[in-house]
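**Student:** Below is a structure I'd like to ask you about.
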Amino acid sequence: MSVIVVLLIASISVASVFLVAFLWSVKEGQFEDDSSPAARILFEDKPVTNASTTQKI
Amino acid sequence: MSATTTRAGVQCFHCGEECTHTQIKLEDKVFCCEGCRVVYSVLSQEGLTDYYALNETPGINQRAGVRKDKFAFLDDPKLAESLISFKGESQVHVNFYMPQMHCSSCLYLLENLHRLDEGVISSKVNFTRKEATVVFHPGRTRLRKIAELLARIGYEPYISLHDLKEKRPAIDRRMVYRLGIAGFCFGNIMLMSFPEYLGLDASDLTLRGMFRSLNLLLSLPVFLYSAYPFYESSWKSLRHRFLNIDAPIALAVIITFVRSAWEVLSGTGAGYFDSMTGIVFFMLAGRILQDKTYRQLSFDRDYTSYFPVAVTVLKADLAQPTALPEIKYGDTLLIHNEELIPADGILTKGQAYIDYSFVTGESAPVRKEAGEMVYAGGKQTGGNIEILVMKEVAQSYLTALWGREELKNDAPKGVSFVHLLSRYFTYIVFVLAALTAWYWYAHDPARIWTSVTAIFIIACPCALLLSNTFTNGSILRILGRNQFYLRSAQTIESVAHIDHIVFDKTGTLTSTQQQELSYFGKPLTELQQQQVGSLASCSVHPLSKLLAREFETAGRWQVAHFAELPGEGISGSVKGAAVRLGNSQFVNHSPDTKEGTVVYVSIDGEMTGYFKVNNHYRQDVPDLVNELRKRYRLSVLTGDNESEKQRLQQLLGDRAQLLFFQKPNDKLDYIKRLQEKGERVMMIGDGLNDAGALKQADVGVAISEDNNNFTPASDAIIAAGKLSLLTRFIGLCKANYRIVVASFVISIIYNIIGLYFAVQGNLAPVVAAILMPSSSLGIVLVTFGSSYWMAKKMKL
């Protein structure tokens with residue numbers, strides 16, 4: 001009996017994590033532009049921002 | 001070929017265009033023009049040559065160039081403010097639309113903007129929308145500098161009056177959130193209903209109670225949040241005294257929830273939470289599928305998307321960039337080459353060659369002298385001109401069209417048959433519920449509540465909604481795959497019902513990309529053809545391009561002393577002969593006497609003849625028209641003169657109506673007259689001059705040469721090359737109705753089985769739990785299958 005309760009809590013919390021992950025990815029707009037990430041991964045260097053380069057100096 | 005010809009096939013390292021007249025070199029790279037060379041040197045200095053490694057010749061041709069002060073208006077803080085999406089102390093965010101973006105190299109370069117400008121913090125490209133979000137430090141760089149940098153490397157941002165008017169609304173993601181939450185709750189509730197269905201040990205009452213209350217808890221977000229659009233829509237429809245399909249669905253959801261909650265709280269049963277959440281989930285999925293939008297297209301463009309944000313106003317000989325809404329009667333505007341005339345006015349200085357292709361679809365420039373009236377929407381090609389404003393921007397001839405009352409209402413055109421069908425369905429359900437209640441009142445009053453609620457749960461028209469949304473969704477996708485893009489699902493029905501098709505001529509029946517040249521005068525020798533072709537290939541003017549294409553096979557020669565007089569013509573020396581191409585004044589110093597678009601040719605001072613540009617009817621138009629005229633009435637509206645009347649009448653048949661000299665307002669009124677006669681009209685057009693008619697028609701179809709083209713507001717956009725498939729597209733839209741009805745009939749059979757249990761008052765949750773998803777899935781499969789089968793049958 002108590003085992004089932006533990007399992008229930010575990011399964012619902014795992015499922016909730018996925019729900020939150022899904023909602024977050026939608027909010028970030030990950031489903032809106034499906035062509036640029038595919039091209040971006042081919043570039044040698046990740047675009048660095050000026051903010052970080054100026055900090056280095 | 002002799003040694004004097006250019007090395008045929010030498011491509012510009014930057015843009016890939018053929019290098020013709022002079023050899024512009026840097027290191028071992030060859031460029032077609034100075035502009036391309038400059039871009040290359042800038043990029044190689046900054047170590048961005050990966051740009052060229054990712055794709056071959058990714059650049060954008062720089063021959064045309066951008067005027068120096070073009071972006072001066074961005075220094076105006078008020079104007080800049082309206083374009084900026086976020087402004088902070090150390091960060092400013094701005095969105096640029098750059099239609100030139102075409103490959104991964106573009107992406108690479110635009111995301112490395114910070115290497116070209118110190119002040120840029122980062123930039124992120126959205127390739128689908130062809131936009132880049134640039135974040136910069138306001139202390140280190142300015143908006144104008146960034147725009148100029150982009151223009152210099154070939155990505156001139158497109159900033160229109162529309163950007164000024166309103167901020168782009170944020171993308172509405174709430175439907176997807178609702179779907180995600182409904183899916184989560186549906187899945188978990190199903191899982192937790194199994195113990196009950198599989199016969200949980202009745203002695204274990206605490207465990208059963210826990211499962212039930214968890215279900216109740218999980219169904220709350222669905223009931224309160226996910227199903228909200230249905231409540232909202234039905235409430236709206238009831239307030240308008242119209243029973244739409246969402247009303248009975250909302251009622252069913254509420255009744256199911258109340259009954260289930262009551263069962264759980266009173267301990268009498270497990271409720272129908274799984275059915276309720278499941279149906280909400282499927283219906284939301286259908287809605288999202290149906291409301292798919294084409295992000296790269298816009299169906300709402302009015303004239304503001306075509307007009308620039310600012311224009312140069314001359315005040316006491318000072319050139320001052322001014323926002324369009326602030327232009328007043330009596331201002332003097334300075335219009336540069338390739339700029340749009342924003343308001344009606346009188347030409348006071350300079351010679352105008354106005355390209356009205358935005359307005360009429362006709363690309364050949366019209367010549368205007370000082371003192372003549374020029375109209376908003378035309379683009380100046382040639383030198384600078386000055387215009388005295390006679391009417392403000394919004395009151396100009398073209399733009400005033402949008403002020404007309406008919407075009408102001410944005411009410412949807414027509415009501416879907418689904419709502420009418422669901423209404424009958426709802427009445428039947430109410431009658432059935434009343435009869436059942438009356439029967440049980442007489443026999444066993446205790447069962448009234450259970451049997452009546454069960455009827456509402458089982459017989460909600462969700463099956464109809466599902467079959468409708470899923471069919472619409474798949475039809476929209478099939479049409480989209482064939483480059484016929486519809487604004488919304490409602491358009492499918494409107495297309496199915498049309499009985500009169502009205503065509504615009506220029507740009508719709510004829511192609512602006514393919515024009516025919518015919519030559520009059522002394523025949524050109526092969527050498528002369530080569531000379532004309534070589535000279536023409538040095539210029540990017542549309543007429544030059546046309547000529548260059550005409551003599552593409554003739555072979556090319558080196559051109560010396562090339563000169564281009566904007567709006568007049570081009571000259572140069574090819575293989576020892578002085579060649580001049582252009583208007584009559586330019587070529588033989590006499591005024592133009594020919595009608596239409598004409599290019600004169602002179603070789604070594606002798607006028608040999610002239611080329612006349614003819615409209616070219618799209619290749620597939622005769623076949624298309626032949627098929628359409630069997631089933632629909634046809635009309636053609638054109639702003640042109642009657643010179644092609646016979647040819648058109650022959651093409652379209654004797655019964656077709658042909659109207660010439662049609663102004664934008666006339667076109668709109670013609671459509672209105674047809675509608676008053678009870679006809680349902682599809683208008684097919686391309687220019688801004690068709691915009692009124694497109695909006696007035698039951699279905700307005702804008703034709704587009706390529707997807708990035710600007711199209712006026714319409715219900716549908718069709719790619720020019722796919723026009724021949726129009727009959728099949730209409731056929732598929734008609735099939736849509738049959739598929740919806742057929743799948744609805746199937747779902748009614750399901751409903752009858754369910755009702756058989758419901759009226760007896762013993763609808764076991766497990767029966768509902770099996771019936772609901774299987775009927776939903778069945779509908780999804782039937783609609784998808786039959787839509788794609790129909791499409792295949794029609795060879796789409």
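Identifiers for the structure tokens are assigned positionally: chains receive A, B, ... in sequence, residues are indexed from 1 per chain, and ligands are indexed from 1 in the order shown.
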Mind checking which residues fall within 10 Å of Gln91 (chain B), counting only C-alpha atoms, ignoring those fewer than 6 positions away in the same chain, and posting them as a VMD selection string?
**Tutor:** chain B and resid 119 to 121 134 to 139
**Student:** With a distance threshold of 8 Å and counting only C-alpha atoms, extract the residues of chain B near chain A and express them as a short mmCIF file (atom, residue, chain, number, x, y, z; two decimals) with C-alpha atoms, in the first residue's frame.
**Tutor:**
data_model
loop_
_atom_site.label_atom_id
_atom_site.label_comp_id
_atom_site.auth_asym_id
_atom_site.auth_seq_id
_atom_site.Cartn_x
_atom_site.Cartn_y
_atom_site.Cartn_z
CA SER B 104 23.64 29.47 -43.85
CA LEU B 107 23.19 33.35 -40.86
CA TYR B 108 26.87 33.09 -40.04
CA GLU B 111 25.35 36.41 -36.11
CA ASN B 112 28.92 37.67 -36.20
CA HIS B 114 29.75 42.10 -33.26
CA ARG B 115 33.02 41.49 -35.07
CA GLU B 118 32.26 47.13 -31.54
CA GLY B 119 28.99 48.36 -30.14
CA VAL B 120 26.99 45.30 -31.11
CA ILE B 121 26.66 42.94 -28.19
CA SER B 122 25.01 40.06 -29.99
CA VAL B 125 18.81 35.31 -36.60
CA ASN B 126 15.39 33.80 -37.09
CA PHE B 127 15.78 32.28 -40.50
CA THR B 128 12.15 31.35 -41.05
CA ARG B 129 11.02 34.92 -40.53
CA ARG B 173 1.57 30.46 -27.31
CA VAL B 176 0.14 25.22 -26.91
CA TYR B 177 0.41 25.63 -23.14
CA GLY B 180 0.51 20.54 -23.05
CA ILE B 181 -1.30 20.74 -19.73
CA PHE B 184 -0.26 15.81 -19.12
CA ASN B 188 -2.02 10.69 -15.79
CA LEU B 207 -6.48 3.54 -1.98
#
**Student:** Which residues come within 12 Å of Asp317 (chain B), counting only C-alpha atoms, excluding same-chain residues fewer than 2 positions away, as a list in words?
**Tutor:** Thr312, Val313, Leu314, Lys315, Ala319, Gln320, Asp331, Thr332, Leu333, Leu334 and Glu386 of chain B
**Student:** Save the residues we just selected, C-alpha atoms, as a short mmCIF file (atom, residue, chain, number, x, y, z; two decimals), in the first residue's frame?
**Tutor:**
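Wrote part39.cif, looks like this:
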data_model
loop_
_atom_site.label_atom_id
_atom_site.label_comp_id
_atom_site.auth_asym_id
_atom_site.auth_seq_id
_atom_site.Cartn_x
_atom_site.Cartn_y
_atom_site.Cartn_z
CA THR B 312 13.51 63.59 -47.15
CA VAL B 313 11.70 66.90 -46.85
CA LEU B 314 13.32 70.07 -48.15
CA LYS B 315 12.84 72.94 -45.75
CA ALA B 319 17.22 68.18 -46.35
CA GLN B 320 15.49 66.76 -43.34
CA ASP B 331 5.87 70.25 -48.26
CA THR B 332 8.57 69.67 -50.84
CA LEU B 333 9.87 66.12 -50.92
CA LEU B 334 13.19 65.04 -52.31
CA GLU B 386 11.36 67.08 -56.12
#
**Student:** I'd like to know which of B:Gln483, B:Gln290, B:Thr256, B:Asn751 is closest to Leu725 (chain B), using only C-alpha atoms.
**Tutor:**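 Looking at the shortest contact to Leu725 (chain B), the residue is B:Gln483.
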**Student:** For Arg633 (chain B), which residue among B:Val587, B:Ala261, B:Ala758, B:Ile498 is the nearest when counting only C-alpha atoms?
**Tutor:**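 Ranking B:Val587, B:Ala261, B:Ala758, B:Ile498 by distance to Arg633 (chain B), first place goes to B:Ile498.
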**Student:** Please provide as number ranges by chain all residues within 12 Å of Ala250 (chain B), with the sequence filter that same-chain residues fewer than 3 positions apart are discarded (counting only C-alpha atoms).
**Tutor:** B: 223-224, 226-235, 237-238, 243-247, 253-257, 276, 279-280, 283, 456-457, 460-462
**Student:** Next, write the just-selected residues to a file, as a JSON list (two decimals), in the first residue's frame, keeping N, CA and C atoms as the atom set.
**Tutor:**
[["chain", "number", "residue", "atom", "x", "y", "z"],
["B", 223, "PHE", "N", -10.11, 21.59, -16.61],
["B", 223, "PHE", "CA", -11.44, 22.20, -16.54],
["B", 223, "PHE", "C", -11.33, 23.72, -16.48],
["B", 224, "LEU", "N", -10.39, 24.22, -15.71],
["B", 224, "LEU", "CA", -10.32, 25.66, -15.49],
["B", 224, "LEU", "C", -9.46, 26.39, -16.52],
["B", 226, "SER", "N", -7.33, 24.67, -19.54],
["B", 226, "SER", "CA", -7.23, 24.18, -20.92],
["B", 226, "SER", "C", -8.53, 24.38, -21.69],
["B", 227, "ALA", "N", -9.66, 24.17, -21.02],
["B", 227, "ALA", "CA", -10.93, 24.24, -21.75],
["B", 227, "ALA", "C", -11.43, 25.67, -21.88],
["B", 228, "TYR", "N", -10.68, 26.61, -21.37],
["B", 228, "TYR", "CA", -11.15, 27.99, -21.33],
["B", 228, "TYR", "C", -11.57, 28.55, -22.70],
["B", 229, "PRO", "N", -10.80, 28.28, -23.80],
["B", 229, "PRO", "CA", -11.21, 28.84, -25.09],
["B", 229, "PRO", "C", -12.63, 28.45, -25.49],
["B", 230, "PHE", "N", -13.06, 27.26, -25.06],
["B", 230, "PHE", "CA", -14.41, 26.83, -25.44],
["B", 230, "PHE", "C", -15.47, 27.63, -24.68],
["B", 231, "TYR", "N", -15.20, 27.90, -23.41],
["B", 231, "TYR", "CA", -16.16, 28.71, -22.64],
["B", 231, "TYR", "C", -16.23, 30.11, -23.24],
["B", 232, "GLU", "N", -15.07, 30.64, -23.52],
["B", 232, "GLU", "CA", -15.00, 32.01, -24.01],
["B", 232, "GLU", "C", -15.77, 32.16, -25.33],
["B", 233, "SER", "N", -15.49, 31.22, -26.24],
["B", 233, "SER", "CA", -16.12, 31.32, -27.55],
["B", 233, "SER", "C", -17.63, 31.10, -27.46],
["B", 234, "SER", "N", -18.07, 30.17, -26.59],
["B", 234, "SER", "CA", -19.51, 29.93, -26.53],
["B", 234, "SER", "C", -20.21, 31.11, -25.85],
["B", 235, "TRP", "N", -19.57, 31.69, -24.86],
["B", 235, "TRP", "CA", -20.15, 32.86, -24.20],
["B", 235, "TRP", "C", -20.32, 34.01, -25.20],
["B", 237, "SER", "N", -20.63, 33.73, -28.43],
["B", 237, "SER", "CA", -21.66, 33.43, -29.44],
["B", 237, "SER", "C", -23.05, 33.58, -28.83],
["B", 238, "LEU", "N", -23.19, 33.19, -27.57],
["B", 238, "LEU", "CA", -24.51, 33.32, -26.95],
["B", 238, "LEU", "C", -24.90, 34.78, -26.80],
["B", 243, "LEU", "N", -25.98, 30.24, -31.80],
["B", 243, "LEU", "CA", -25.51, 29.03, -31.14],
["B", 243, "LEU", "C", -24.41, 28.41, -31.99],
["B", 244, "ASN", "N", -23.17, 28.56, -31.57],
["B", 244, "ASN", "CA", -22.09, 27.96, -32.35],
["B", 244, "ASN", "C", -21.75, 26.59, -31.77],
["B", 245, "ILE", "N", -20.77, 25.97, -32.38],
["B", 245, "ILE", "CA", -20.47, 24.58, -31.99],
["B", 245, "ILE", "C", -19.84, 24.50, -30.61],
["B", 246, "ASP", "N", -19.21, 25.57, -30.19],
["B", 246, "ASP", "CA", -18.53, 25.52, -28.89],
["B", 246, "ASP", "C", -19.50, 25.53, -27.72],
["B", 247, "ALA", "N", -20.70, 26.05, -27.93],
["B", 247, "ALA", "CA", -21.64, 26.13, -26.82],
["B", 247, "ALA", "C", -22.02, 24.76, -26.28],
["B", 253, "VAL", "N", -18.66, 19.75, -21.26],
["B", 253, "VAL", "CA", -17.48, 19.71, -20.39],
["B", 253, "VAL", "C", -17.89, 20.05, -18.96],
["B", 254, "ILE", "N", -18.71, 21.08, -18.83],
["B", 254, "ILE", "CA", -19.12, 21.50, -17.48],
["B", 254, "ILE", "C", -19.95, 20.41, -16.81],
["B", 255, "ILE", "N", -20.91, 19.85, -17.56],
["B", 255, "ILE", "CA", -21.76, 18.82, -16.95],
["B", 255, "ILE", "C", -20.93, 17.60, -16.55],
["B", 256, "THR", "N", -20.02, 17.19, -17.44],
["B", 256, "THR", "CA", -19.18, 16.04, -17.12],
["B", 256, "THR", "C", -18.38, 16.29, -15.85],
["B", 257, "PHE", "N", -17.80, 17.48, -15.76],
["B", 257, "PHE", "CA", -16.97, 17.76, -14.59],
["B", 257, "PHE", "C", -17.82, 17.78, -13.33],
["B", 276, "MET", "N", -13.37, 13.38, -20.14],
["B", 276, "MET", "CA", -13.43, 14.84, -20.26],
["B", 276, "MET", "C", -12.08, 15.43, -20.66],
["B", 279, "ILE", "N", -11.14, 14.46, -24.30],
["B", 279, "ILE", "CA", -11.81, 15.17, -25.39],
["B", 279, "ILE", "C", -11.27, 16.60, -25.50],
["B", 280, "VAL", "N", -10.99, 17.21, -24.36],
["B", 280, "VAL", "CA", -10.43, 18.56, -24.41],
["B", 280, "VAL", "C", -9.06, 18.54, -25.11],
["B", 283, "MET", "N", -9.56, 18.02, -28.87],
["B", 283, "MET", "CA", -10.13, 19.20, -29.53],
["B", 283, "MET", "C", -9.10, 20.33, -29.65],
["B", 456, "PHE", "N", -25.70, 14.06, -22.08],
["B", 456, "PHE", "CA", -24.92, 15.25, -22.45],
["B", 456, "PHE", "C", -23.44, 14.93, -22.60],
["B", 457, "ILE", "N", -22.98, 14.00, -21.78],
["B", 457, "ILE", "CA", -21.56, 13.65, -21.87],
["B", 457, "ILE", "C", -21.27, 12.96, -23.20],
["B", 460, "CYS", "N", -22.05, 15.13, -26.99],
["B", 460, "CYS", "CA", -21.58, 16.47, -27.33],
["B", 460, "CYS", "C", -21.03, 16.42, -28.75],
["B", 461, "PRO", "N", -21.20, 17.51, -29.50],
["B", 461, "PRO", "CA", -20.79, 17.44, -30.92],
["B", 461, "PRO", "C", -19.28, 17.53, -31.10],
["B", 462, "CYS", "N", -18.54, 17.04, -30.09],
["B", 462, "CYS", "CA", -17.08, 17.13, -30.21],
["B", 462, "CYS", "C", -16.58, 16.34, -31.41]]
**Student:** List every residue of region 241-477 of chain B that DSSP, applied to the backbone of this structure, assigns to strand (DSSP E or B), and report them as a PyMOL selection string.
**Tutor:** chain B and resi 308+310-315+318-323+332-335+340+345-349+352-355+366-368+373-374+379-380+385-389
